[in-house]
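Engineer: Below is coords_13.txt; it holds compact mmCIF, C-alpha atoms.
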# COMPACT_ATOMS: atom_id res chain seq x y z
CA MET Z 1 -40.54 -49.74 1.75
CA VAL Z 2 -42.88 -51.47 4.20
CA LEU Z 3 -41.26 -54.56 5.72
CA ARG Z 4 -43.79 -55.41 8.41
CA THR Z 5 -46.77 -54.07 10.33
CA TRP Z 6 -48.22 -54.93 13.74
CA ASP Z 7 -51.57 -53.85 15.14
CA PHE Z 8 -50.89 -51.70 18.20
CA SER Z 9 -54.47 -50.78 19.08
CA GLU Z 10 -57.83 -50.41 17.36
CA THR Z 11 -56.61 -47.24 15.65
CA SER Z 12 -52.80 -47.49 15.54
CA GLN Z 13 -50.02 -49.67 14.15
CA THR Z 14 -46.32 -50.21 14.64
CA VAL Z 15 -44.41 -50.50 11.37
CA ALA Z 16 -40.96 -51.45 10.12
CA LEU Z 17 -39.88 -49.30 7.15
CA PHE Z 18 -36.72 -49.59 5.04
CA SER Z 19 -35.69 -46.21 3.63
CA ARG Z 20 -33.03 -45.29 1.11
CA GLY Z 21 -31.37 -42.60 3.23
CA HIS Z 22 -32.03 -43.68 6.81
CA GLY Z 23 -32.05 -47.48 6.74
CA LEU Z 24 -34.47 -49.40 8.92
CA ILE Z 25 -36.95 -47.30 10.88
CA ARG Z 26 -39.30 -48.91 13.39
CA GLY Z 27 -42.08 -46.65 14.53
CA LEU Z 28 -45.55 -46.12 15.89
CA ALA Z 29 -48.14 -44.76 13.49
CA LYS Z 30 -50.87 -43.37 15.76
CA GLY Z 31 -54.27 -43.26 14.13
CA SER Z 32 -53.13 -45.05 10.96
CA ARG Z 33 -56.08 -47.44 11.09
CA ARG Z 34 -58.65 -44.65 11.18
CA GLU Z 35 -60.64 -44.02 8.02
CA LYS Z 36 -59.46 -40.40 7.88
CA SER Z 37 -55.81 -39.93 8.86
CA ASN Z 38 -52.44 -38.67 7.65
CA PHE Z 39 -51.60 -42.13 6.31
CA SER Z 40 -52.72 -42.11 2.70
CA GLY Z 41 -53.21 -45.59 1.30
CA GLY Z 42 -52.32 -47.37 4.53
CA PHE Z 43 -49.36 -49.61 5.26
CA GLU Z 44 -49.03 -52.90 3.41
CA VAL Z 45 -45.95 -55.11 3.31
CA GLY Z 46 -44.00 -54.77 0.08
CA THR Z 47 -45.35 -51.34 -0.92
CA LEU Z 48 -43.41 -48.12 -1.43
CA GLY Z 49 -44.14 -44.63 -0.16
CA GLU Z 50 -42.87 -41.50 1.56
CA PHE Z 51 -43.09 -41.07 5.31
CA ILE Z 52 -42.50 -38.43 7.97
CA ALA Z 53 -41.00 -39.57 11.26
CA ILE Z 54 -39.71 -38.06 14.47
CA VAL Z 55 -36.75 -40.12 15.67
CA ARG Z 56 -35.46 -39.64 19.21
CA PRO Z 57 -32.30 -41.43 20.43
CA THR Z 58 -33.92 -42.12 23.80
CA GLN Z 59 -36.95 -43.90 22.33
CA GLU Z 60 -37.02 -47.37 20.80
CA LEU Z 61 -39.80 -46.48 18.36
CA ALA Z 62 -39.93 -43.44 16.12
CA ASN Z 63 -43.13 -41.42 15.87
CA ILE Z 64 -44.47 -41.93 12.33
CA THR Z 65 -46.61 -38.85 11.65
CA GLY Z 66 -47.32 -39.20 7.93
CA TRP Z 67 -47.34 -41.71 5.08
CA ASP Z 68 -48.08 -41.31 1.38
CA LEU Z 69 -48.42 -44.57 -0.56
CA GLN Z 70 -46.72 -44.14 -3.93
CA ARG Z 71 -46.29 -47.56 -5.50
CA VAL Z 72 -47.98 -50.93 -5.27
CA PHE Z 73 -46.20 -53.87 -6.89
CA TRP Z 74 -49.23 -55.59 -8.36
CA PRO Z 75 -47.61 -58.95 -9.26
CA VAL Z 76 -46.96 -59.45 -5.54
CA ARG Z 77 -50.74 -59.30 -4.98
CA ARG Z 78 -51.80 -61.28 -8.01
CA ASP Z 79 -49.25 -64.09 -8.33
CA LEU Z 80 -48.55 -66.55 -5.51
CA ASP Z 81 -44.94 -67.24 -6.52
CA ALA Z 82 -44.18 -63.51 -6.77
CA HIS Z 83 -45.84 -63.03 -3.38
CA ARG Z 84 -43.61 -65.68 -1.80
CA VAL Z 85 -40.43 -64.18 -3.23
CA ALA Z 86 -41.40 -60.71 -2.00
CA LEU Z 87 -42.24 -61.91 1.50
CA TYR Z 88 -38.93 -63.76 1.75
CA ALA Z 89 -36.99 -60.70 0.56
CA VAL Z 90 -38.59 -58.26 3.03
CA ASP Z 91 -38.27 -60.84 5.82
CA ILE Z 92 -34.51 -61.26 5.45
CA LEU Z 93 -34.11 -57.49 5.09
CA ARG Z 94 -35.82 -56.93 8.41
CA HIS Z 95 -33.61 -59.48 10.15
CA ALA Z 96 -30.29 -58.71 8.44
CA ILE Z 97 -29.96 -54.93 8.83
CA THR Z 98 -29.82 -52.82 11.95
CA ASP Z 99 -31.90 -49.76 12.79
CA GLN Z 100 -30.97 -46.43 11.20
CA ASP Z 101 -28.03 -47.87 9.26
CA PRO Z 102 -28.41 -46.66 5.64
CA HIS Z 103 -27.79 -49.08 2.75
CA PRO Z 104 -28.77 -47.15 -0.40
CA ARG Z 105 -27.42 -49.84 -2.75
CA LEU Z 106 -29.35 -52.54 -0.95
CA PHE Z 107 -32.49 -50.39 -1.07
CA GLU Z 108 -32.13 -50.10 -4.85
CA SER Z 109 -31.56 -53.85 -5.12
CA ALA Z 110 -34.72 -54.57 -3.12
CA LEU Z 111 -36.66 -52.05 -5.20
CA GLY Z 112 -35.36 -53.70 -8.38
CA LEU Z 113 -36.47 -57.11 -7.14
CA LEU Z 114 -40.00 -55.98 -6.31
CA GLY Z 115 -40.27 -54.22 -9.64
CA SER Z 116 -39.20 -57.30 -11.62
CA LEU Z 117 -41.46 -59.94 -10.10
CA GLY Z 118 -44.00 -59.64 -12.91
CA ALA Z 119 -41.67 -61.53 -15.25
CA ALA Z 120 -41.72 -65.14 -14.05
CA ALA Z 121 -38.61 -66.08 -16.03
CA GLU Z 122 -36.55 -63.37 -14.28
CA ARG Z 123 -37.59 -64.02 -10.67
CA GLY Z 124 -34.82 -66.47 -9.87
CA GLY Z 125 -32.17 -64.18 -11.28
CA VAL Z 126 -33.32 -61.02 -9.50
CA LEU Z 127 -33.69 -62.94 -6.21
CA LEU Z 128 -30.15 -64.27 -6.58
CA ARG Z 129 -28.78 -60.78 -7.23
CA PHE Z 130 -30.70 -59.43 -4.23
CA GLN Z 131 -29.47 -62.14 -1.86
CA TRP Z 132 -25.88 -61.55 -2.94
CA ASP Z 133 -26.24 -57.76 -2.62
CA LEU Z 134 -27.61 -58.19 0.89
CA LEU Z 135 -24.65 -60.36 1.92
CA VAL Z 136 -22.17 -57.88 0.45
CA GLU Z 137 -23.86 -54.82 1.97
CA THR Z 138 -23.94 -56.39 5.43
CA GLY Z 139 -20.33 -57.57 5.11
CA VAL Z 140 -20.96 -61.30 5.46
CA GLN Z 141 -20.60 -62.57 1.90
CA PRO Z 142 -18.92 -66.00 1.73
CA ARG Z 143 -15.41 -66.38 0.39
CA LEU Z 144 -15.32 -68.16 -2.96
CA ASP Z 145 -11.65 -69.13 -2.92
CA GLY Z 146 -9.52 -71.49 -0.86
CA GLU Z 147 -6.32 -73.48 -0.58
CA GLY Z 148 -5.58 -76.54 -2.67
CA LEU Z 149 -8.61 -76.27 -4.93
CA GLU Z 150 -8.92 -78.27 -8.11
CA GLU Z 151 -10.76 -75.79 -10.30
CA ARG Z 152 -11.62 -78.47 -12.84
CA GLY Z 153 -13.39 -80.59 -10.26
CA ARG Z 154 -17.12 -81.24 -10.25
CA ALA Z 155 -17.70 -79.98 -6.71
CA PHE Z 156 -16.22 -77.97 -3.86
CA GLY Z 157 -16.52 -78.10 -0.11
CA PHE Z 158 -18.36 -74.97 1.09
CA ARG Z 159 -18.00 -73.95 4.72
CA PRO Z 160 -21.12 -72.17 6.04
CA ASP Z 161 -18.99 -70.02 8.35
CA GLY Z 162 -17.90 -68.11 5.23
CA SER Z 163 -14.23 -69.02 5.62
CA GLY Z 164 -13.74 -70.21 2.07
CA LEU Z 165 -13.84 -73.28 -0.13
CA GLU Z 166 -12.14 -76.65 0.20
CA PRO Z 167 -11.46 -79.44 -2.28
CA ASP Z 168 -14.40 -81.74 -2.99
CA PRO Z 169 -15.04 -83.62 0.28
CA GLY Z 170 -16.81 -86.46 -1.51
CA PRO Z 171 -20.14 -88.06 -0.58
CA GLU Z 172 -18.90 -89.11 2.86
CA GLY Z 173 -17.07 -85.90 3.71
CA PRO Z 174 -16.91 -84.36 7.16
CA GLY Z 175 -19.89 -82.71 8.82
CA GLY Z 176 -19.98 -78.94 8.70
CA VAL Z 177 -18.88 -78.87 5.05
CA TRP Z 178 -21.48 -78.51 2.30
CA ARG Z 179 -20.75 -80.24 -0.99
CA VAL Z 180 -21.51 -77.70 -3.73
CA ARG Z 181 -21.43 -78.08 -7.50
CA ALA Z 182 -18.65 -76.27 -9.33
CA ASP Z 183 -21.14 -74.52 -11.62
CA THR Z 184 -22.97 -73.11 -8.58
CA ILE Z 185 -19.71 -71.61 -7.30
CA GLY Z 186 -18.94 -70.35 -10.80
CA LEU Z 187 -22.27 -68.52 -10.92
CA LEU Z 188 -21.64 -66.89 -7.53
CA ARG Z 189 -18.20 -65.81 -8.71
CA ARG Z 190 -19.82 -64.11 -11.68
CA LEU Z 191 -22.12 -62.28 -9.28
CA ALA Z 192 -19.14 -61.21 -7.18
CA ALA Z 193 -17.46 -59.85 -10.31
CA GLY Z 194 -20.54 -57.77 -11.13
CA ASP Z 195 -21.61 -59.82 -14.15
CA ALA Z 196 -25.26 -60.13 -15.12
CA VAL Z 197 -27.19 -63.11 -13.81
CA PRO Z 198 -28.10 -65.50 -16.64
CA MET Z 199 -31.82 -65.68 -17.40
CA GLY Z 200 -34.01 -68.13 -19.25
CA PRO Z 201 -34.91 -71.83 -18.97
CA GLU Z 202 -31.38 -73.02 -19.72
CA ALA Z 203 -30.02 -71.23 -16.65
CA SER Z 204 -32.90 -71.89 -14.27
CA GLY Z 205 -31.34 -74.99 -12.69
CA SER Z 206 -28.05 -73.36 -11.71
CA VAL Z 207 -29.80 -70.15 -10.59
CA ASP Z 208 -32.19 -72.15 -8.40
CA ARG Z 209 -29.33 -74.10 -6.80
CA ALA Z 210 -27.40 -70.88 -6.13
CA ASN Z 211 -30.50 -69.28 -4.58
CA ARG Z 212 -30.99 -72.26 -2.27
CA LEU Z 213 -27.34 -72.19 -1.25
CA LEU Z 214 -27.44 -68.47 -0.36
CA ALA Z 215 -30.75 -68.90 1.47
CA ALA Z 216 -29.22 -71.70 3.57
CA TYR Z 217 -26.10 -69.63 4.17
CA LEU Z 218 -28.24 -66.67 5.28
CA ARG Z 219 -29.97 -69.00 7.71
CA GLN Z 220 -26.58 -69.74 9.24
CA VAL Z 221 -25.63 -66.05 9.35
CA LEU Z 222 -28.91 -65.00 10.98
CA GLY Z 223 -28.89 -67.91 13.41
CA GLN Z 224 -32.51 -68.77 12.66
CA ASP Z 225 -34.59 -70.30 9.90
CA LEU Z 226 -37.21 -67.82 8.73
CA PRO Z 227 -40.63 -69.30 7.92
CA THR Z 228 -40.64 -67.48 4.59
CA ARG Z 229 -37.55 -69.44 3.48
CA GLU Z 230 -39.33 -72.73 3.96
CA VAL Z 231 -42.46 -71.44 2.22
CA LEU Z 232 -40.41 -70.33 -0.80
CA PHE Z 233 -38.00 -73.26 -1.10
CA GLY Z 234 -40.06 -76.04 0.47
CA PRO Z 235 -39.91 -77.98 3.77
CA GLU Z 236 -37.67 -80.64 2.26
CA ARG Z 237 -34.91 -78.04 2.22
CA ALA Z 238 -35.03 -77.44 5.97
CA LEU Z 239 -31.56 -77.49 7.44
CA GLY Z 240 -30.36 -80.21 9.72
CA GLY Z 241 -27.41 -82.55 9.77
CA ARG Z 242 -25.10 -82.31 6.79
CA PRO Z 243 -26.62 -80.24 3.96
CA GLY Z 244 -26.29 -81.62 0.48
CA VAL Z 245 -28.34 -79.70 -2.05
CA ASP Z 246 -27.70 -75.95 -2.03
CA GLY Z 247 -27.28 -76.08 1.71
CA GLY Z 248 -30.69 -77.67 2.22
CA GLY Z 249 -31.61 -81.26 2.94
CA ALA Z 250 -29.33 -83.77 4.55
CA GLY Z 251 -28.85 -86.26 1.75
CA ALA Z 252 -25.27 -87.49 1.75
CA GLY Z 253 -23.61 -87.50 -1.62
CA ARG Z 254 -25.93 -84.92 -3.19
CA ARG Z 255 -24.50 -81.68 -4.47
CA SER Z 256 -25.86 -78.17 -4.79
What does the file become when written as structure tokens?
Structural biologist:
Amino acid sequence: MVLRTWDFSETSQTVALFSRGHGLIRGLAKGSRREKSNFSGGFEVGTLGEFIAIVRPTQELANITGWDLQRVFWPVRRDLDAHRVALYAVDILRHAITDQDPHPRLFESALGLLGSLGAAAERGGVLLRFQWDLLVETGVQPRLDGEGLEERGRAFGFRPDGSGLEPDPGPEGPGGVWRVRADTIGLLRRLAAGDAVPMGPEASGSVDRANRLLAAYLRQVLGQDLPTREVLFGPERALGGRPGVDGGGAGAGRRS
């Protein structure tokens, strides 16, 4: 799966590839920009293929010697919203995993996301599943329990360091605690239990809030705000101060 490409010279590229069995491979594809080469179909972000690489422990970049494009996810090219979701997904993949560290389950989750973007009603659900899978596979998923919780309450206090939940801090609660709706936490708990993500218009609000919360939490985990997050969720969700809505925005008293 192509995560990113960089032009290296007039005829060559460096590429970041996510593979099922070998994890993230960064390499130099010499001659890939020539009209006739061993790189059938060329490299394009968000496409799937088979590659041949020579990986040496002493070299930072592998030598990519062959590429065969096998699948293009056409909704990513034809629909702007699908394109934004795909770019965000491959962006966080590239930043969240380390080189040559296999994550077969995460690969399948990413493949499932790209293959489902043609159905607009399912995009939120498959993105939510993918974000959760990524957090689990990299070992940084947030805790969804805590001490002294009132499970019948309307909101919880969510700590972005992943240390667990707190009772509802209220509109004027302390900084560093995100006020999150109880139904958002309930949806994430269903994900953690392996349940299916609800689809359809009636679930779109809670799915969107959960997606924004996980995107904001990933921002904290990665230590940077990826441009693709802002493009997908909007500049009004940029982090700063005390988050209120799904970890984005700084409006006091607002809940995710």
Engineer: Determine the nearest neighbour of Phe107 (chain Z) from the options Z:Leu3, Z:Val231, Z:Ala203, Z:Ala119, counting only C-alpha atoms.
Structural biologist: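 Looking at the shortest contact to Phe107 (chain Z), the residue is Z:Leu3.
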Engineer: So that I can check the surroundings of region 32-36 of chain Z, please list as a list of chain:residue names every protein, DNA and RNA residue that reaches within 8 Å of it, counting all atoms listed in the file and ignoring chain neighbours fewer than 4 positions away.
Structural biologist: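 Skipping anything fewer than 4 positions along the chain leaves Z:Glu10, Z:Thr11, Z:Ser12, Z:Gln13, Z:Gly42.
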Engineer: Would you save the residues from that selection as a PDB file, keeping the file's coordinate frame, using C-alpha atoms?
Structural biologist:
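result-v4.pdb written:
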ATOM      1  CA  GLU Z  10     -57.830 -50.410  17.360  1.00  0.00           C
ATOM      2  CA  THR Z  11     -56.610 -47.240  15.650  1.00  0.00           C
ATOM      3  CA  SER Z  12     -52.800 -47.490  15.540  1.00  0.00           C
ATOM      4  CA  GLN Z  13     -50.020 -49.670  14.150  1.00  0.00           C
ATOM      5  CA  GLY Z  42     -52.320 -47.370   4.530  1.00  0.00           C
TER       6      GLY Z  42
END
Engineer: Name the closest residue to Ala216 (chain Z) among the candidates Z:Arg123, Z:His95, Z:Arg159, Z:Arg78; distances are taken between atoms, counting all atoms listed in the file.
Structural biologist: Z:Arg159
Engineer: I want to know what sits within 8 Å of Ala110 (chain Z), based on all atoms listed in the file, with residues of the same chain fewer than 3 positions away left out; could you give that as an mmCIF file with C-alpha atoms, in the coordinates of the input?
Structural biologist:
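Written out: selection_25.cif:
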data_model
loop_
_atom_site.group_PDB
_atom_site.id
_atom_site.type_symbol
_atom_site.label_atom_id
_atom_site.label_comp_id
_atom_site.auth_asym_id
_atom_site.auth_seq_id
_atom_site.Cartn_x
_atom_site.Cartn_y
_atom_site.Cartn_z
ATOM 1 C CA ALA Z 89 -36.990 -60.700 0.560
ATOM 2 C CA LEU Z 106 -29.350 -52.540 -0.950
ATOM 3 C CA PHE Z 107 -32.490 -50.390 -1.070
ATOM 4 C CA LEU Z 113 -36.470 -57.110 -7.140
ATOM 5 C CA LEU Z 114 -40.000 -55.980 -6.310
ATOM 6 C CA PHE Z 130 -30.700 -59.430 -4.230
#
Engineer: For Ser19 (chain Z), which residue out of Z:Pro75, Z:Pro198, Z:Pro227, Z:Pro104 is the nearest one, using only C-alpha atoms?
Structural biologist: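 Looking at the shortest contact to Ser19 (chain Z), the residue is Z:Pro104.
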